[in-house]
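Participant: Below is the structure I would like to discuss, written out as structure tokens.
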Amino acid sequence: MGYIKEKFKVKADELNVEVKELVKNYGTKKIDEGVTIAQVYQGMRGITGLVTETSLLDANEGIRFRGYSIPELREHLPKAPNGAEPLPEGLFYLMLIGELPTEADVQYLSSMWGRRSHVPNHVFDAIEALPITAHPMTMFTVGIMALQTESSFAHAYSEGLNKKDYWSETYEDTMNLIARLPRIAAYIYRRKYKGGQHIQPNGMLDWAGNFAHMLGYSDEGFRELMRLYMVIHADHEGGNVSAHTTHLVGSALSDAYLSLAAGMNGLAGPLHGLANQEVIKWILQMREELGGGMPTKEQIETYVRKTLSEGKVVPGYGHAVLRKTDPRFSAQMEFAKKHLPNDELVKIVWMVYETVPPILKDLGKVKNPWPNVDAHSGALLVHYGLVEYEFYTVLFGVSRALGVLASLCWDRALGLSLERPKSVTTEWMKEFVEGK
Ligand code: CMX
């Protein structure tokens, strides 16, 4: 057993004791005042119903991973040689173990993922069986599903796996999957947009640097962007659609491959991860309608109002939990100020940031008029040449796997139960309010 796996087991045993004590001593204590009918009909907002160890979201401050904010991660996590952005390996270690990693921990993960990154041919064959016109997210989930043949958990379970060892096989699946996802994602990109000219992995690079390399980008700036991108998109506590779906499906003891594929299908929705492609599409359409070049603030305002009058949402704005500018947006803005302050598209993103919030506020119904993570990412990618915006959600997915799979390890280590909340009919609701 590798030392990270041993360390995880020690942490998991400790937390297991604490959780059992907590449930034994306080199991009947109410965590919420009660659930309202509006919450039941409106996406269960604000109902505390999940435990996710890897990160916690504050409505005003944004996400914290094991207590560390994004600026703190950028400061404290190990970097690539001559790099300034945190390595995602370090964030994964932090989410899994609950402690900041050393340089050696990060190198251990980089080389472990490098060693485990071989993708069997039938996965590529499954992707190839889809038409080239298929959305990259469809290819991505098909790729993950095809890779399920490699699941250690599914194999061990069919042989009669002891409950106590669920975590161990889930850990193996997690490590293998994270190691292989960049290869699958890069394969999809090169297949769809670069005539099927694939690029072999470079074992000397870190996980995100190698991903950038396999996509076909050798610019050090793009590698740095990938490291930052893979860190900030990794996790957003447990209730968002991709994390919750992965957890829900995993609660049926579906293995990590089945669970992640399910989560990725949720990420592919336009109200969730697809928003990053929608943002850039929306900005490019605006520019095209205005005949190209820099729009004025007034022109952006008119375009926003047109979007709203057509019954559409302004992509990249609003959030189910956040009530301030997303620190993931701010981190990307900082990156842009440092590396590409004169980029035209980036400047438009910043003008949109000045224009949209007051308009959404005026509508009176939008709870959060501020930008989320998706409002900025596309402009950065376009700058480095990754213009094929339909691919963006796959990048989000590779990153999100880090958080939801670290969480899945914890789910199995803590022996969390099958998820099965109660549902009622509207007929039941009507009788309930009438006091019947
Ligand atoms: N543009 C226009 N209207 C918006 C809006 C936006 N950006 N954000 C919210 N609203 C509207 C809602 O559609 C809703 O309208 P109706 O009452 O007519 O249905 C109303 O404001 C209230 O919604 P809310 O409580 O503020 O927001 P929700 O928690 O229901 O939804 C979200 C959150 C993210 C789905 C929503 O803000 C949205 O659609 N944003 C645009 C899409 C987007 O950027 N998604 C990415 C989120 C981050 C991620 O997961 O990657």
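If you're wondering about the labels, chains in the structure tokens are A, B, ... by order shown, residues count from 1 in each chain, ligands from 1 in order shown.
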Env of segment 110-120 of chain A: 7 Å cut, atoms = only C-alpha atoms, seq-sep filter 4 positions within chain, self excluded. Answer as number ranges by chain.
Facilitator: A: 89, 106, 175-176, 179-180, 203, 206-207
Participant: Within 7 Å of ligand 1, counting only C-alpha atoms and all ligand atoms: which residues, as a PDB file with C-alpha atoms, in the first residue's frame?
Facilitator:
ATOM      1  CA  ASN A 240     -24.002  21.180  -6.682  1.00  0.00           C
ATOM      2  CA  PRO A 270     -26.283  24.667 -19.264  1.00  0.00           C
ATOM      3  CA  LEU A 271     -27.242  25.813 -15.753  1.00  0.00           C
ATOM      4  CA  HIS A 272     -24.132  24.068 -14.413  1.00  0.00           C
ATOM      5  CA  GLY A 273     -20.817  23.364 -16.175  1.00  0.00           C
ATOM      6  CA  ALA A 275     -22.314  27.691 -18.751  1.00  0.00           C
ATOM      7  CA  LEU A 308     -33.415  38.742 -20.888  1.00  0.00           C
ATOM      8  CA  LYS A 312     -32.865  33.514 -21.600  1.00  0.00           C
ATOM      9  CA  VAL A 313     -30.454  33.688 -18.686  1.00  0.00           C
ATOM     10  CA  VAL A 314     -27.255  35.731 -18.793  1.00  0.00           C
ATOM     11  CA  PRO A 315     -24.670  32.934 -18.686  1.00  0.00           C
ATOM     12  CA  GLY A 316     -21.925  33.161 -16.076  1.00  0.00           C
ATOM     13  CA  TYR A 317     -24.019  35.253 -13.694  1.00  0.00           C
ATOM     14  CA  GLY A 318     -25.965  34.152 -10.634  1.00  0.00           C
ATOM     15  CA  HIS A 319     -25.519  31.250  -8.265  1.00  0.00           C
ATOM     16  CA  ALA A 320     -27.650  28.960  -6.160  1.00  0.00           C
ATOM     17  CA  VAL A 321     -25.560  29.588  -3.013  1.00  0.00           C
ATOM     18  CA  LEU A 360     -29.891  41.700 -12.845  1.00  0.00           C
ATOM     19  CA  LYS A 365     -35.869  38.329  -8.521  1.00  0.00           C
ATOM     20  CA  VAL A 366     -32.259  37.292  -9.148  1.00  0.00           C
ATOM     21  CA  LYS A 367     -30.755  36.404  -5.767  1.00  0.00           C
ATOM     22  CA  ASN A 368     -27.158  36.797  -6.902  1.00  0.00           C
ATOM     23  CA  PRO A 369     -26.372  39.295  -9.680  1.00  0.00           C
ATOM     24  CA  ASN A 372     -19.628  32.910 -11.158  1.00  0.00           C
ATOM     25  CA  VAL A 373     -16.575  30.889 -12.220  1.00  0.00           C
ATOM     26  CA  ASP A 374     -17.839  30.435 -15.784  1.00  0.00           C
TER      27      ASP A 374
END
Participant: Considering only C-alpha atoms, tabulate each residue of segment 247-339 of chain A that lies at most 12 Å from segment 383-390 of chain A along with its nearest interatomic pair and the corresponding distance in Å to one decimal; arrange the rows by chain and ascending residue number and present them as a tab-separated table.
Facilitator:
residue	atom	partner	partner_atom	distance
A:Ala268	CA	A:Glu390	CA	10.4
A:Pro270	CA	A:Glu390	CA	11.5
A:Gly273	CA	A:Glu390	CA	11.2
A:Leu274	CA	A:Glu390	CA	8.4
A:Ala275	CA	A:Glu390	CA	10.4
A:Asn276	CA	A:Tyr389	CA	8.0
A:Gln277	CA	A:Tyr389	CA	5.1
A:Glu278	CA	A:Tyr389	CA	8.2
A:Val279	CA	A:Tyr389	CA	9.3
A:Ile280	CA	A:Tyr389	CA	7.1
A:Lys281	CA	A:Tyr389	CA	7.4
A:Trp282	CA	A:Tyr389	CA	11.0
A:Ile283	CA	A:Tyr389	CA	11.6
A:Leu284	CA	A:Tyr389	CA	10.6
A:Ala336	CA	A:His383	CA	9.8
A:His339	CA	A:His383	CA	10.2
Participant: Given the selection you just returned, output its residues as a file containing N, CA and C atoms, formatted as a PDB file, in the first residue's frame.
Facilitator:
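Okay, this is what ended up in out_35.pdb:
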ATOM      1  N   ALA A 268     -22.779  18.594 -17.641  1.00  0.00           N
ATOM      2  CA  ALA A 268     -23.020  18.961 -19.045  1.00  0.00           C
ATOM      3  C   ALA A 268     -24.270  19.827 -19.243  1.00  0.00           C
ATOM      4  N   PRO A 270     -26.614  23.244 -19.112  1.00  0.00           N
ATOM      5  CA  PRO A 270     -26.283  24.667 -19.264  1.00  0.00           C
ATOM      6  C   PRO A 270     -26.406  25.502 -17.990  1.00  0.00           C
ATOM      7  N   GLY A 273     -22.130  23.204 -15.540  1.00  0.00           N
ATOM      8  CA  GLY A 273     -20.817  23.364 -16.175  1.00  0.00           C
ATOM      9  C   GLY A 273     -20.827  23.828 -17.625  1.00  0.00           C
ATOM     10  N   LEU A 274     -21.940  23.590 -18.320  1.00  0.00           N
ATOM     11  CA  LEU A 274     -21.975  24.021 -19.727  1.00  0.00           C
ATOM     12  C   LEU A 274     -21.979  25.548 -19.839  1.00  0.00           C
ATOM     13  N   ALA A 275     -22.256  26.222 -18.714  1.00  0.00           N
ATOM     14  CA  ALA A 275     -22.314  27.691 -18.751  1.00  0.00           C
ATOM     15  C   ALA A 275     -21.006  28.298 -19.261  1.00  0.00           C
ATOM     16  N   ASN A 276     -19.878  27.611 -19.038  1.00  0.00           N
ATOM     17  CA  ASN A 276     -18.625  28.248 -19.492  1.00  0.00           C
ATOM     18  C   ASN A 276     -18.554  28.328 -21.019  1.00  0.00           C
ATOM     19  N   GLN A 277     -19.104  27.328 -21.711  1.00  0.00           N
ATOM     20  CA  GLN A 277     -19.160  27.456 -23.175  1.00  0.00           C
ATOM     21  C   GLN A 277     -20.201  28.503 -23.576  1.00  0.00           C
ATOM     22  N   GLU A 278     -21.292  28.562 -22.814  1.00  0.00           N
ATOM     23  CA  GLU A 278     -22.376  29.486 -23.152  1.00  0.00           C
ATOM     24  C   GLU A 278     -21.922  30.943 -23.034  1.00  0.00           C
ATOM     25  N   VAL A 279     -21.050  31.218 -22.052  1.00  0.00           N
ATOM     26  CA  VAL A 279     -20.588  32.596 -21.833  1.00  0.00           C
ATOM     27  C   VAL A 279     -19.852  33.108 -23.065  1.00  0.00           C
ATOM     28  N   ILE A 280     -18.893  32.305 -23.526  1.00  0.00           N
ATOM     29  CA  ILE A 280     -18.060  32.798 -24.622  1.00  0.00           C
ATOM     30  C   ILE A 280     -18.871  32.863 -25.923  1.00  0.00           C
ATOM     31  N   LYS A 281     -19.792  31.890 -26.061  1.00  0.00           N
ATOM     32  CA  LYS A 281     -20.678  31.895 -27.234  1.00  0.00           C
ATOM     33  C   LYS A 281     -21.516  33.181 -27.240  1.00  0.00           C
ATOM     34  N   TRP A 282     -22.001  33.525 -26.063  1.00  0.00           N
ATOM     35  CA  TRP A 282     -22.852  34.712 -25.893  1.00  0.00           C
ATOM     36  C   TRP A 282     -22.056  35.984 -26.208  1.00  0.00           C
ATOM     37  N   ILE A 283     -20.807  36.037 -25.736  1.00  0.00           N
ATOM     38  CA  ILE A 283     -19.972  37.224 -25.989  1.00  0.00           C
ATOM     39  C   ILE A 283     -19.601  37.315 -27.474  1.00  0.00           C
ATOM     40  N   LEU A 284     -19.255  36.173 -28.065  1.00  0.00           N
ATOM     41  CA  LEU A 284     -18.871  36.197 -29.491  1.00  0.00           C
ATOM     42  C   LEU A 284     -20.055  36.581 -30.367  1.00  0.00           C
ATOM     43  N   ALA A 336      -5.487  37.054 -15.468  1.00  0.00           N
ATOM     44  CA  ALA A 336      -5.559  37.827 -16.714  1.00  0.00           C
ATOM     45  C   ALA A 336      -4.825  39.167 -16.570  1.00  0.00           C
ATOM     46  N   HIS A 339      -1.094  38.217 -16.829  1.00  0.00           N
ATOM     47  CA  HIS A 339      -0.553  37.608 -18.047  1.00  0.00           C
ATOM     48  C   HIS A 339      -1.097  38.186 -19.358  1.00  0.00           C
TER      49      HIS A 339
END
Participant: Using DSSP on the backbone coordinates, identify the residues of segment 275-361 of chain A assigned to helix (DSSP H, G or I); present them as a VMD selection string.
Facilitator: chain A and resid 275 to 289 297 to 309 327 to 339 344 to 361
Participant: Counting only C-alpha atoms, which of A:Ile300, A:Leu416, A:Pro136, A:Asn265 gets nearest to Ile359 of chain A?
Facilitator: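 Going through A:Ile300, A:Leu416, A:Pro136, A:Asn265 one by one, the smallest distance to Ile359 of chain A is for A:Ile300.
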Participant: May I ask which of the residues A:Gln107, A:Asn60, A:Ser218, A:Ser251 is the closest one to Leu418 of chain A, counting only C-alpha atoms?
Facilitator: A:Ser251
Participant: Ranking A:Asp58, A:Glu75, A:Glu85, A:Asp13 by minimum distance to Val231 of chain A and counting only C-alpha atoms, which one comes first?
Facilitator: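 With only C-alpha atoms as the atom set, the closest residue is A:Glu85.
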Participant: Which one of A:Leu96, A:Ala262, A:Leu205, A:Ala186 sits closest to Val394 of chain A if you count only C-alpha atoms?
Facilitator: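 With only C-alpha atoms as the atom set, the closest residue is A:Ala186.
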Participant: Could you check how far atom CA of Ala185 of chain A sits from atom CA of Tyr108 of chain A, in Å to one decimal?
Facilitator: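 Result for atom CA of Ala185 of chain A versus atom CA of Tyr108 of chain A: 22.8 Å, one decimal.
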Participant: Residues near Glu61 of chain A, anyone? I mean within 9 Å using only C-alpha atoms, not counting same-chain ones fewer than 4 positions away, as a list in words.
Facilitator: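 Answer for this query is Leu57, Ser69, Leu322, Arg323, Lys324, Thr325, Asp326 and Pro327 of chain A.
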Participant: Applying 9 Å and only C-alpha atoms, which residues near Ser55 of chain A remain after dropping the ones on its own chain fewer than 5 positions away? List them as a compact mmCIF listing (two decimals) with C-alpha atoms, in the first residue's frame.
Facilitator:
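Result saved to out.txt:
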# COMPACT_ATOMS: atom_id res chain seq x y z
CA ILE A 63 -15.32 28.23 -1.44
CA ARG A 64 -12.79 26.96 1.10
CA PHE A 65 -11.02 23.67 0.56
CA ARG A 66 -10.36 22.09 3.95
CA GLY A 67 -10.39 25.57 5.39
CA TYR A 68 -8.18 27.21 2.73
CA MET A 95 -8.95 17.35 -0.09
CA ASP A 235 -14.82 21.21 -5.85
CA HIS A 236 -17.68 23.38 -4.61
CA GLU A 237 -18.96 21.47 -1.59
CA GLY A 238 -21.48 18.64 -1.98
CA GLY A 403 -13.11 16.84 -5.79
Participant: Need the shell around Ile199 of chain A: protein/DNA/RNA residues with any atom at most 12 Å away, counting only C-alpha atoms. Skip same-chain ones fewer than 5 positions apart. Format as a list in words?
Facilitator: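 The residues that qualify are Pro182, Arg183, Ile184, Ala185, Ala186, Tyr187, Ile188, Tyr189, Arg190, Arg191, Lys194, Asn210, Phe211, Ala212, His213, Met214, Leu215, Gly216, Tyr217 and Ser218 of chain A.
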Participant: Now that the selection is made, can you save its residues with C-alpha atoms as a short mmCIF file (atom, residue, chain, number, x, y, z; two decimals), in the first residue's frame?
Facilitator:
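Contents of part_33.cif, as written:
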data_model
loop_
_atom_site.label_atom_id
_atom_site.label_comp_id
_atom_site.auth_asym_id
_atom_site.auth_seq_id
_atom_site.Cartn_x
_atom_site.Cartn_y
_atom_site.Cartn_z
CA PRO A 182 -6.53 13.93 -19.13
CA ARG A 183 -5.57 11.37 -21.78
CA ILE A 184 -9.24 10.71 -22.63
CA ALA A 185 -10.07 14.42 -22.68
CA ALA A 186 -7.06 15.26 -24.86
CA TYR A 187 -7.95 12.39 -27.19
CA ILE A 188 -11.45 13.85 -27.64
CA TYR A 189 -10.03 17.32 -28.34
CA ARG A 190 -7.49 16.11 -30.88
CA ARG A 191 -10.04 13.81 -32.50
CA LYS A 194 -7.16 18.48 -34.80
CA ASN A 210 1.00 17.08 -19.29
CA PHE A 211 -2.70 17.61 -20.00
CA ALA A 212 -1.88 20.96 -21.66
CA HIS A 213 0.87 19.20 -23.62
CA MET A 214 -1.47 16.42 -24.84
CA LEU A 215 -4.05 19.02 -25.89
CA GLY A 216 -1.31 20.49 -28.06
CA TYR A 217 -0.32 23.64 -26.15
CA SER A 218 3.35 24.07 -25.31
#
Participant: Closest to Ala134 of chain A among A:Val51, A:Ala104, A:Phe391, A:Glu159, using only C-alpha atoms?
Facilitator: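 Of A:Val51, A:Ala104, A:Phe391, A:Glu159, the one nearest Ala134 of chain A, counting only C-alpha atoms, is A:Phe391.
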Participant: Here is a test: counting only C-alpha atoms, which residue of A:Ala256, A:Leu181, A:Met204, A:Met226 is nearest to Ser152 of chain A?
Facilitator: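 Looking only at the distances to Ser152 of chain A, the closest residue turns out to be A:Ala256.
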Participant: Record the distance separating atom CA of Met230 of chain A and atom CA of Glu334 of chain A, expressed in Å with one decimal.
Facilitator: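 One can read the atom CA of Met230 of chain A to atom CA of Glu334 of chain A distance as 15.9 Å.
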